[in-house]
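Novice: Got a structure for you, questions after.
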Amino acid sequence: MDSLINNIVNWVNQNTGSFISILITVCLAPFLLYVFKNKYDTRKSIKVVSNVIYNVNGKYGTLEKVENSTNFYSNYIYHELTVESVNEQVITYIRLSKIKKRLLEVSDIKYDGGFYEDSQKFLLIAYNNGNSAGKTKRLSIKVFARKKETFEDVFLGDFDIEERLINSGNVNSHWILDLSDYHNNFNANEDYLGLVVDVSSTNESKIKNLSPLLILFDRETGRFKNHPRGAAGITVPCDVPFFNLSNRNKKIGKNCSLEIKNNSTIGFTLFVDEDCELSYKVTLKSDKKVIKNNTQNKLLIRIPQYIQENTCYFGHFYQFVKNHNLNVKEFEYTPDVIKTMEKSLVFNKYSGAERFSKIKF
């Protein structure tokens, strides 16, 4: 036994360097493996940092933030994700899961209108873009004269509009104001630039997209006149994955090739064929790597009656009245009447996806 112990001691003394190397390797190998693996995983990691869902305008393909007052989307949607990655990588697959649809009956009251030079009338139009009858808000219209130099607004009058029930798809003249009544005020005040017509709810809250409307006064003709307007927007990408959710599937996936690096935005479009509350989750893949996104997306879908999905001045119904009601007299049009007079105003739930995602149904 003493001889065996002496032999071991002698071997250790003779091979101290090798022994220490073996000991270091055994102790440090797991740590080094962890460090290098963690560094590799970090360089390969992908993280979803935000989700933004846009309504896609079915006529123009523009991306629209949904109005807070209703939170309604139409049936063609763009879902944008911001993805964070250290290195350049490729998203190869998008999966939607836990898809749920609950049918909805909703009213969706919107407004249009503007000033008509020929008749010198301001018109506020109300229409119901939902599939169920609904009431308008109680509104107030205030009229001011704006001064040239100071841009001060001088109060001239106000009008209250009571609630009104509007059936699904109906379009009515909610208020008509003859601005020729103010001609004398402007002829007598050289420092007046134009009229300001301000529509708000009776609790003083503004109606989105109905900013105070400035109508200029032309002193050569002694009449009010419109001034040029224009708008532009970002359009939906046409080369992104398209998901048709018109069936009852609980999950659906698409192969893709979307490059990402640093903070990148990627996206996909959705199509739904009925009014519903829609919910779903999104999972991304980069080859075999799964990128989880725990957000449960929920949206209210209402398929609009008409192509004008949002409140605005000088919209499609403003032009419709200009074409068919020259003297701007009171009216209430039903969906059948609109379809007969100008079918192009009626919303086609397939046309947006067909035009901008190049889909054939």
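Here, A, B, ... name the chains of the structure tokens in the order displayed, residue numbers run from 1 inside each chain, and ligands are numbered from 1 in the same displayed order.
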Would you mind listing, for every residue of range 212-279 of chain A within 12 Å of range 147-155 of chain A, the two atoms forming the shortest contact and the distance between them in Å to one decimal, using only C-alpha atoms, sorted by chain and ascending residue number, as a Markdown table?
Specialist:
| residue | atom | partner | partner_atom | distance |
| --- | --- | --- | --- | --- |
| A:Pro212 | CA | A:Asp153 | CA | 11.4 |
| A:Leu214 | CA | A:Asp153 | CA | 10.9 |
| A:Leu216 | CA | A:Lys148 | CA | 10.6 |
| A:Phe217 | CA | A:Lys148 | CA | 11.0 |
Novice: Could you dump the residues just selected with N, CA and C atoms as a PDB file, in the first residue's frame?
Specialist:
ATOM      1  N   PRO A 212     -62.313  72.509 -37.836  1.00  0.00           N
ATOM      2  CA  PRO A 212     -63.013  73.735 -38.250  1.00  0.00           C
ATOM      3  C   PRO A 212     -62.725  74.055 -39.716  1.00  0.00           C
ATOM      4  N   LEU A 214     -62.550  76.405 -42.902  1.00  0.00           N
ATOM      5  CA  LEU A 214     -62.410  77.805 -43.332  1.00  0.00           C
ATOM      6  C   LEU A 214     -62.943  77.948 -44.746  1.00  0.00           C
ATOM      7  N   LEU A 216     -63.400  80.847 -47.578  1.00  0.00           N
ATOM      8  CA  LEU A 216     -62.933  82.199 -47.892  1.00  0.00           C
ATOM      9  C   LEU A 216     -64.044  83.052 -48.510  1.00  0.00           C
ATOM     10  N   PHE A 217     -63.915  84.366 -48.334  1.00  0.00           N
ATOM     11  CA  PHE A 217     -64.858  85.303 -48.933  1.00  0.00           C
ATOM     12  C   PHE A 217     -64.168  86.048 -50.074  1.00  0.00           C
TER      13      PHE A 217
END
Novice: Range 180-185 of chain A: which residues within 8 Å, counting only C-alpha atoms, same-chain residues fewer than 5 positions away excluded, as a PDB file with N, CA and C atoms, in the first residue's frame?
Specialist:
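Saved file around16.pdb follows:
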ATOM      1  N   GLN A 120     -74.142  78.305 -52.260  1.00  0.00           N
ATOM      2  CA  GLN A 120     -73.657  79.024 -51.075  1.00  0.00           C
ATOM      3  C   GLN A 120     -74.177  78.368 -49.777  1.00  0.00           C
ATOM      4  N   LYS A 121     -74.206  77.039 -49.786  1.00  0.00           N
ATOM      5  CA  LYS A 121     -74.706  76.312 -48.618  1.00  0.00           C
ATOM      6  C   LYS A 121     -73.626  75.402 -48.036  1.00  0.00           C
ATOM      7  N   GLY A 222     -68.395  88.926 -54.097  1.00  0.00           N
ATOM      8  CA  GLY A 222     -69.291  89.057 -52.955  1.00  0.00           C
ATOM      9  C   GLY A 222     -69.857  87.721 -52.502  1.00  0.00           C
ATOM     10  N   ARG A 223     -69.101  86.646 -52.769  1.00  0.00           N
ATOM     11  CA  ARG A 223     -69.580  85.315 -52.423  1.00  0.00           C
ATOM     12  C   ARG A 223     -68.452  84.522 -51.735  1.00  0.00           C
TER      13      ARG A 223
END
Novice: Give me every helix (DSSP H, G or I) residue in range 159-326 of chain A, going by DSSP on the backbone, as a short mmCIF file (atom, residue, chain, number, x, y, z; two decimals) with C-alpha atoms, in the first residue's frame.
Specialist:
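Final output, saved to selection-v9.cif:
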data_model
loop_
_atom_site.label_atom_id
_atom_site.label_comp_id
_atom_site.auth_asym_id
_atom_site.auth_seq_id
_atom_site.Cartn_x
_atom_site.Cartn_y
_atom_site.Cartn_z
CA LEU A 179 -74.15 80.99 -45.84
CA SER A 180 -75.56 83.73 -48.07
CA ASP A 181 -77.13 85.00 -44.82
CA TYR A 182 -73.61 86.17 -43.87
CA HIS A 183 -72.84 88.08 -47.09
CA ASN A 184 -73.86 91.40 -45.54
CA ASN A 185 -71.60 90.84 -42.51
CA PHE A 186 -68.60 90.44 -44.79
CA ASN A 187 -69.48 93.27 -47.13
CA HIS A 316 -67.66 60.79 -51.78
CA PHE A 317 -71.09 61.78 -50.45
CA TYR A 318 -70.27 65.48 -50.77
CA GLN A 319 -69.59 64.81 -54.45
CA PHE A 320 -72.69 62.60 -54.74
CA VAL A 321 -74.89 65.49 -53.56
CA LYS A 322 -73.06 67.85 -55.92
CA ASN A 323 -73.88 65.49 -58.80
CA HIS A 324 -77.53 64.76 -57.94
#
Novice: What is the distance between CA of Asn209 in chain A and CA of Ala126 in chain A, in Å to one decimal?
Specialist: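 If I compute the distance from CA of Asn209 in chain A to CA of Ala126 in chain A, I get 13.7 Å.
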Novice: Could you tell me how far CA of Ile109 in chain A sits from CA of Asp273 in chain A, in Å to one decimal place?
Specialist: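 Interatomic distance here is 20.8 Å.
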Novice: Which of these, A:Val143, A:Ile301, A:Ile234, A:Val49, has the shortest distance to Asn131 in chain A once you count only C-alpha atoms?
Specialist: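 Closest residue, counting only C-alpha atoms: A:Ile301.
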Novice: Would you mind telling me which residue in A:Pro241, A:Pro304, A:Gly113, A:Gly253 lies nearest to Val282 in chain A when using only C-alpha atoms?
Specialist: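 So, comparing all the options, the nearest one is A:Gly253.
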Novice: Of the candidates A:Val337, A:Ile125, A:Val66, A:Leu139, which one gets nearest to Asn203 in chain A if we count only C-alpha atoms?
Specialist: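 Going through A:Val337, A:Ile125, A:Val66, A:Leu139 one by one, the smallest distance to Asn203 in chain A is for A:Leu139.
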Novice: Which is closer to Val106 in chain A than all the others in A:Ile266, A:Phe361, A:Thr92, A:Ile303, using only C-alpha atoms?
Specialist: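 Once distances to Val106 in chain A are computed over only C-alpha atoms, the minimum belongs to A:Ile303.
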Novice: Within 9 Å of Ser173 in chain A, counting only C-alpha atoms, which residues qualify if same-chain residues fewer than 3 places away don't, as number ranges by chain?
Specialist: A: 113, 123-127, 176, 328-332
Novice: Counting only C-alpha atoms, figure out which residue out of A:Leu156, A:Ile260, A:Gln305, A:Phe224 gets nearest to Val346 in chain A.
Specialist: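 The shortest atom-to-atom distance to Val346 in chain A comes from A:Gln305.
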Novice: What does the structure give for the distance between CA of Lys137 in chain A and CA of Ser201 in chain A, in Å to one decimal?
Specialist: 6.5 Å
Novice: Assign secondary structure with DSSP using the backbone only, and return the residues of range 26-236 of chain A in strand (DSSP E or B) as a PyMOL selection string.
Specialist: chain A and resi 46-56+62-64+72-73+76-103+109-116+121-128+134-135+139-147+153-161+165-166+171-178+192-201+206+213-218+223-225+235
Novice: Env of Phe347 in chain A: 12 Å cut, atoms = only C-alpha atoms, seq-sep filter 3 positions within chain, self excluded. Answer as a list in words.
Specialist: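 Those residues are Asn57, Gly58, Lys59, Ser74, Asn75, Tyr76, Asn129, Gly130, Gly169, Arg302, Ile303, Pro304, Gln305, Tyr306, Ile307, Gln308, Glu309, Pro335, Ile338, Lys339, Glu342, Lys343, Ser344, Tyr350, Ser351 and Gly352 of chain A.
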Novice: Go ahead and save the picked residues with N, CA and C atoms, as a compact mmCIF listing (two decimals), in the first residue's frame.
Specialist:
# COMPACT_ATOMS: atom_id res chain seq x y z
N ASN A 57 -57.48 51.13 -46.62
CA ASN A 57 -58.58 51.74 -47.38
C ASN A 57 -58.80 50.94 -48.65
N GLY A 58 -60.02 50.40 -48.79
CA GLY A 58 -60.31 49.51 -49.90
C GLY A 58 -60.27 50.18 -51.27
N LYS A 59 -60.41 51.51 -51.31
CA LYS A 59 -60.41 52.22 -52.59
C LYS A 59 -59.01 52.67 -52.98
N SER A 74 -62.22 47.75 -41.30
CA SER A 74 -62.96 47.08 -42.36
C SER A 74 -62.37 45.68 -42.50
N ASN A 75 -62.66 44.98 -43.57
CA ASN A 75 -62.29 43.56 -43.63
C ASN A 75 -60.95 43.29 -44.30
N TYR A 76 -60.18 44.35 -44.60
CA TYR A 76 -58.85 44.20 -45.22
C TYR A 76 -57.87 44.97 -44.34
N ASN A 129 -72.62 53.44 -41.63
CA ASN A 129 -71.80 52.50 -42.37
C ASN A 129 -71.79 51.10 -41.75
N GLY A 130 -72.63 50.90 -40.72
CA GLY A 130 -72.68 49.60 -40.05
C GLY A 130 -73.84 48.75 -40.55
N GLY A 169 -77.00 51.79 -43.58
CA GLY A 169 -76.81 52.18 -44.97
C GLY A 169 -77.51 53.46 -45.40
N ARG A 302 -66.05 45.61 -39.00
CA ARG A 302 -67.35 45.85 -39.60
C ARG A 302 -67.12 46.09 -41.09
N ILE A 303 -67.80 45.32 -41.89
CA ILE A 303 -67.68 45.51 -43.35
C ILE A 303 -68.56 46.70 -43.72
N PRO A 304 -67.98 47.80 -44.17
CA PRO A 304 -68.75 49.01 -44.39
C PRO A 304 -69.76 48.87 -45.52
N GLN A 305 -70.78 49.69 -45.45
CA GLN A 305 -71.78 49.73 -46.52
C GLN A 305 -71.23 50.45 -47.75
N TYR A 306 -70.34 51.44 -47.50
CA TYR A 306 -69.88 52.31 -48.58
C TYR A 306 -68.36 52.43 -48.58
N ILE A 307 -67.81 52.84 -49.72
CA ILE A 307 -66.36 52.93 -49.86
C ILE A 307 -65.78 54.04 -48.99
N GLN A 308 -66.59 55.03 -48.61
CA GLN A 308 -66.11 56.06 -47.69
C GLN A 308 -66.20 55.51 -46.28
N GLU A 309 -65.05 55.05 -45.77
CA GLU A 309 -65.04 54.35 -44.49
C GLU A 309 -64.95 55.29 -43.30
N PRO A 335 -79.91 52.53 -49.01
CA PRO A 335 -78.87 51.82 -49.78
C PRO A 335 -79.31 51.47 -51.20
N ILE A 338 -78.97 54.63 -53.35
CA ILE A 338 -77.55 54.91 -53.63
C ILE A 338 -77.02 53.94 -54.69
N LYS A 339 -77.37 52.67 -54.53
CA LYS A 339 -76.89 51.64 -55.47
C LYS A 339 -77.40 51.92 -56.88
N GLU A 342 -75.55 55.63 -57.91
CA GLU A 342 -74.09 55.55 -58.05
C GLU A 342 -73.59 54.28 -57.37
N LYS A 343 -73.62 53.19 -58.12
CA LYS A 343 -73.23 51.89 -57.58
C LYS A 343 -71.78 51.89 -57.11
N SER A 344 -70.95 52.76 -57.69
CA SER A 344 -69.52 52.78 -57.34
C SER A 344 -69.28 53.17 -55.89
N TYR A 350 -64.40 42.46 -51.53
CA TYR A 350 -63.28 41.72 -52.14
C TYR A 350 -62.30 42.62 -52.89
N SER A 351 -62.74 43.82 -53.27
CA SER A 351 -61.96 44.60 -54.23
C SER A 351 -60.61 45.07 -53.68
N GLY A 352 -60.54 45.45 -52.39
CA GLY A 352 -59.28 45.91 -51.82
C GLY A 352 -58.20 44.86 -51.88
Novice: Can you tell me which residues surround Leu165 in chain A at a distance of at most 8 Å, considering only C-alpha atoms, apart from same-chain residues fewer than 6 positions away, and format the answer as a short mmCIF file (atom, residue, chain, number, x, y, z; two decimals) with C-alpha atoms, in the first residue's frame?
Specialist:
data_model
loop_
_atom_site.label_atom_id
_atom_site.label_comp_id
_atom_site.auth_asym_id
_atom_site.auth_seq_id
_atom_site.Cartn_x
_atom_site.Cartn_y
_atom_site.Cartn_z
CA ALA A 133 -79.50 51.04 -36.91
CA GLY A 134 -77.85 53.67 -34.70
CA LYS A 135 -78.18 57.22 -33.39
CA THR A 136 -76.08 60.25 -34.25
#
Novice: Env of Ile141 in chain A: 6 Å cut, atoms = only C-alpha atoms, seq-sep filter 2 positions within chain, self excluded. Answer as a ChimeraX atom specification.
Specialist: /A:158-159,198-199
Novice: Deliver the residues from the most recent selection as a file, using N, CA and C atoms, as an mmCIF file, in the first residue's frame.
Specialist:
data_model
loop_
_atom_site.group_PDB
_atom_site.id
_atom_site.type_symbol
_atom_site.label_atom_id
_atom_site.label_comp_id
_atom_site.auth_asym_id
_atom_site.auth_seq_id
_atom_site.Cartn_x
_atom_site.Cartn_y
_atom_site.Cartn_z
ATOM 1 N N ASP A 158 -74.671 80.088 -33.516
ATOM 2 C CA ASP A 158 -74.529 78.648 -33.317
ATOM 3 C C ASP A 158 -75.873 77.952 -33.474
ATOM 4 N N PHE A 159 -75.803 76.635 -33.711
ATOM 5 C CA PHE A 159 -76.994 75.823 -33.975
ATOM 6 C C PHE A 159 -76.813 74.462 -33.306
ATOM 7 N N ASP A 198 -67.499 75.335 -37.383
ATOM 8 C CA ASP A 198 -66.925 74.376 -36.436
ATOM 9 C C ASP A 198 -68.012 73.443 -35.918
ATOM 10 N N VAL A 199 -67.880 72.153 -36.234
ATOM 11 C CA VAL A 199 -68.840 71.144 -35.790
ATOM 12 C C VAL A 199 -68.225 70.351 -34.643
#
Novice: Nearest to Ser50 in chain A: which of A:Asp336, A:Tyr111, A:Arg138, A:Asn297 is it, counting only C-alpha atoms?
Specialist: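 Selected residue with least distance to Ser50 in chain A: A:Asn297.
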